Amino acid sequence: MASSLGTAASSRIFAASRLSLRSSASSAASPSLISFSSSSSLKSFGFSRLQRRSLVNVSSSSSRGFSTVASPKCAASDPDQLKSAREDIKELLKSTFCHPILVRLGWHDAGTYNKNIEEWPQRGGANGSLRFEVELKHAANAGLINALKLIQPIKDKYSGITYADLFQLASATAIEEAGGPKIPMKYGRVDVSGPNECPEEGRLPAAGPPSPADHLREVFYRMGLNDKEIVALSGAHTLGRSRPDRSGWGKRETKYTKDGPGAPGGQSWTVQWLKFDNLYFKDIKAKRDEDLLVLPTDAALFEDHSFKVYAEKYAEDQETFFKDYAEAHAKLSNLGAKFDPPEGIVLDAPTAAPEKFVAAKYSTGKRELSDSMKQKIRAEYEAIGGSPDRPLPTNYFLNIMIFIGVLAILTSLLGSY
Ligand code: HEM
């Protein structure tokens, strides 16, 4: 009896402390945060060994700076807060021009996914682990601390959003605000809770490996992505710059980057590196400017036989690039994620496809018809069993046969007189 009372009491205290940790996620200096500095002080509250260990881990990790704040386990993000945060991200983009680094942040959180590992979070992916110092220190993530600093105030404002969701929301919003396609996103990603759940270093691609195409395939196939998706996603380099003091790649500054906007410097892949378009593919193909960057992995897209098919297509056709990019980006943003609810949260209802209205007979191709005119035309078509949604069939063969038949009848009639 005494022991079950003890268990009930300790689980209540455990729940209460989890609540106060949860509220502290939005304010590191919250007075409600209970500070558990040692396992022995927890023991006096009647916690089990496992409970003590998990609380001490959280407490000691949060003392290492803002990037180690614990998030509530298995908590879905709140849709209204996600929408408000999206507006805040738009404002942040307008004032700091940080589109590229937010895209890189989302990609580097998701890109650690390993499809061969089933367990979450060991499989890596979009789980917010990139907020922890240990992962930010991976060489591939050089400079991303700046992205985290930029969005941390938004995280602090919205306690009902996970880091995993915020990273992906920021990335998709940056693409859209830079003029890119609408990304079919869903949210509700659960956060990992401690730095011990970060993936090991070395899962992201290198820019200058000995055999770039093989390396890209090795890394992206491990994520479950294919050649088309590798090429489409590489097109994100239409945004941003590389900085020698971060990745080691690129020039210190160029004529396109020396004046910013945002922090000046670095070498961009495109002239207008804050605009999302297909110029990345056009510029690599043309190799037209020493001041524009082409990493060995970028060059591989036009050298490898299979990649080249897509790279050529995207250089020619921006619409296809946008369509393929949007699909690949959404897939990337979901890699390895655990969703709560399992089906995820969709923020924007899909827009209804515009009414199909071909009406070939009336169409001049120059002017949109009024609704009342469309109704009249539809009625006219339907009266003869047709539809304005399909062009009128033109059966040339039948017309020619009728014409020849009429000619033959006329000739035989004339001949008989
Ligand atoms: C294909 C393999 C890839 C390699 C080897 C690669 C490598 C790099 C490197 C070296 C940088 C420069 C970082 C710096 O110095 O600050 C960079 C920047 C960037 N990467 Fe990638 N990347 C790859 C794929 C991707 C993908 C899939 C995306 C997004 C979907 C992406 C988005 C970006 C963006 C937007 C930047 C610019 C960041 C900024 O301006 O701060 N990259 N990448």
# chains A, B, ... in the order shown; residues from 1 in each chain; ligands from 1
$ residues_near_ligand --ligand "ligand 1" --cutoff "8 Å" --atoms "only C-alpha atoms and all ligand atoms" --output "VMD selection string"
chain A and resid 98 to 104 106 to 107 111 140 142 to 144 204 to 208 216 230 to 231 233 to 250 266 268 295 to 298 329 332
$ residues_around --residues "range 301-312 of chain A" --least-positions-apart "4" --cutoff "10 Å" --atoms "only C-alpha atoms" --output "list in words"
Pro212, Ala213, Asp214, Leu216, Asn226, Asp227, Lys228, Glu229, Ile230, Val231, Ala232, Ser234, Gly235, Asn278, Tyr280, Phe281, Lys282, Ile284, Lys285, Pro296, Thr297, Glu316, Asp317, Thr320, Phe321 and Asp324 of chain A
$ write_last_selection --atoms "N, CA and C atoms" --output "mmCIF file, in the first residue's frame"
data_model
loop_
_atom_site.group_PDB
_atom_site.id
_atom_site.type_symbol
_atom_site.label_atom_id
_atom_site.label_comp_id
_atom_site.auth_asym_id
_atom_site.auth_seq_id
_atom_site.Cartn_x
_atom_site.Cartn_y
_atom_site.Cartn_z
ATOM 1 N N PRO A 212 32.079 12.176 -57.470
ATOM 2 C CA PRO A 212 30.901 12.906 -56.989
ATOM 3 C C PRO A 212 29.553 12.232 -57.280
ATOM 4 N N ALA A 213 29.387 11.695 -58.503
ATOM 5 C CA ALA A 213 28.077 11.095 -58.835
ATOM 6 C C ALA A 213 27.822 9.857 -57.968
ATOM 7 N N ASP A 214 28.859 9.011 -57.806
ATOM 8 C CA ASP A 214 28.704 7.810 -56.970
ATOM 9 C C ASP A 214 28.396 8.202 -55.527
ATOM 10 N N LEU A 216 26.978 11.003 -54.454
ATOM 11 C CA LEU A 216 25.603 11.516 -54.330
ATOM 12 C C LEU A 216 24.615 10.360 -54.251
ATOM 13 N N ASN A 226 15.743 9.204 -55.254
ATOM 14 C CA ASN A 226 16.233 8.679 -56.531
ATOM 15 C C ASN A 226 16.953 9.767 -57.346
ATOM 16 N N ASP A 227 17.401 9.390 -58.557
ATOM 17 C CA ASP A 227 18.206 10.318 -59.373
ATOM 18 C C ASP A 227 17.458 11.626 -59.659
ATOM 19 N N LYS A 228 16.173 11.482 -60.013
ATOM 20 C CA LYS A 228 15.389 12.687 -60.324
ATOM 21 C C LYS A 228 15.345 13.616 -59.103
ATOM 22 N N GLU A 229 15.145 13.021 -57.940
ATOM 23 C CA GLU A 229 15.049 13.834 -56.717
ATOM 24 C C GLU A 229 16.397 14.454 -56.353
ATOM 25 N N ILE A 230 17.486 13.731 -56.622
ATOM 26 C CA ILE A 230 18.825 14.291 -56.345
ATOM 27 C C ILE A 230 19.019 15.553 -57.177
ATOM 28 N N VAL A 231 18.674 15.462 -58.469
ATOM 29 C CA VAL A 231 18.898 16.612 -59.360
ATOM 30 C C VAL A 231 17.952 17.765 -58.979
ATOM 31 N N ALA A 232 16.690 17.434 -58.777
ATOM 32 C CA ALA A 232 15.717 18.494 -58.438
ATOM 33 C C ALA A 232 16.137 19.208 -57.156
ATOM 34 N N SER A 234 19.069 19.422 -55.760
ATOM 35 C CA SER A 234 20.298 20.204 -55.932
ATOM 36 C C SER A 234 19.974 21.596 -56.461
ATOM 37 N N GLY A 235 18.843 21.708 -57.144
ATOM 38 C CA GLY A 235 18.399 23.001 -57.676
ATOM 39 C C GLY A 235 18.152 24.044 -56.600
ATOM 40 N N ASN A 278 15.086 28.482 -62.218
ATOM 41 C CA ASN A 278 15.903 27.374 -62.748
ATOM 42 C C ASN A 278 17.259 27.846 -63.270
ATOM 43 N N TYR A 280 20.046 28.092 -61.806
ATOM 44 C CA TYR A 280 21.142 27.224 -61.345
ATOM 45 C C TYR A 280 21.520 26.255 -62.467
ATOM 46 N N PHE A 281 20.536 25.615 -63.066
ATOM 47 C CA PHE A 281 20.816 24.635 -64.132
ATOM 48 C C PHE A 281 21.336 25.324 -65.386
ATOM 49 N N LYS A 282 20.732 26.437 -65.736
ATOM 50 C CA LYS A 282 21.182 27.169 -66.933
ATOM 51 C C LYS A 282 22.628 27.626 -66.763
ATOM 52 N N ILE A 284 25.071 26.506 -64.683
ATOM 53 C CA ILE A 284 26.087 25.429 -64.648
ATOM 54 C C ILE A 284 26.344 24.964 -66.074
ATOM 55 N N LYS A 285 25.269 24.820 -66.836
ATOM 56 C CA LYS A 285 25.391 24.335 -68.207
ATOM 57 C C LYS A 285 26.248 25.297 -69.033
ATOM 58 N N PRO A 296 31.990 20.375 -57.233
ATOM 59 C CA PRO A 296 32.111 19.115 -57.980
ATOM 60 C C PRO A 296 30.786 18.338 -58.035
ATOM 61 N N THR A 297 30.011 18.383 -56.945
ATOM 62 C CA THR A 297 28.719 17.662 -56.951
ATOM 63 C C THR A 297 27.685 18.366 -57.836
ATOM 64 N N GLU A 316 15.846 23.724 -69.345
ATOM 65 C CA GLU A 316 14.949 24.157 -70.420
ATOM 66 C C GLU A 316 13.587 24.584 -69.905
ATOM 67 N N ASP A 317 13.120 23.891 -68.852
ATOM 68 C CA ASP A 317 11.705 23.965 -68.513
ATOM 69 C C ASP A 317 11.524 24.216 -67.002
ATOM 70 N N THR A 320 8.550 22.308 -65.117
ATOM 71 C CA THR A 320 8.819 20.924 -64.699
ATOM 72 C C THR A 320 9.744 20.909 -63.482
ATOM 73 N N PHE A 321 10.744 21.803 -63.490
ATOM 74 C CA PHE A 321 11.637 21.879 -62.322
ATOM 75 C C PHE A 321 10.823 22.205 -61.063
ATOM 76 N N ASP A 324 8.725 19.128 -59.942
ATOM 77 C CA ASP A 324 9.550 18.054 -59.366
ATOM 78 C C ASP A 324 10.211 18.504 -58.063
#
$ closest_atom_pairs --of "range 150-225 of chain A" --to "range 345-351 of chain A" --cutoff "6 Å" --atoms "only C-alpha atoms" --output "Markdown table"
| residue | atom | partner | partner_atom | distance |
| --- | --- | --- | --- | --- |
| A:Lys186 | CA | A:Val346 | CA | 4.8 |
| A:Tyr187 | CA | A:Ile345 | CA | 4.8 |
| A:Gly188 | CA | A:Ile345 | CA | 5.8 |
$ write_last_selection --atoms "N, CA and C atoms" --output "compact mmCIF listing (two decimals), in the first residue's frame"
# COMPACT_ATOMS: atom_id res chain seq x y z
N LYS A 186 3.27 18.86 -44.71
CA LYS A 186 2.44 18.52 -43.54
C LYS A 186 3.30 18.68 -42.29
N TYR A 187 2.62 18.81 -41.15
CA TYR A 187 3.34 19.08 -39.90
C TYR A 187 2.89 18.11 -38.80
N GLY A 188 3.50 18.28 -37.62
CA GLY A 188 3.20 17.37 -36.51
C GLY A 188 4.41 16.51 -36.19
$ atom_distance --atom1 "CA of Leu225 in chain A" --atom2 "CA of Ser193 in chain A"
26.9 Å
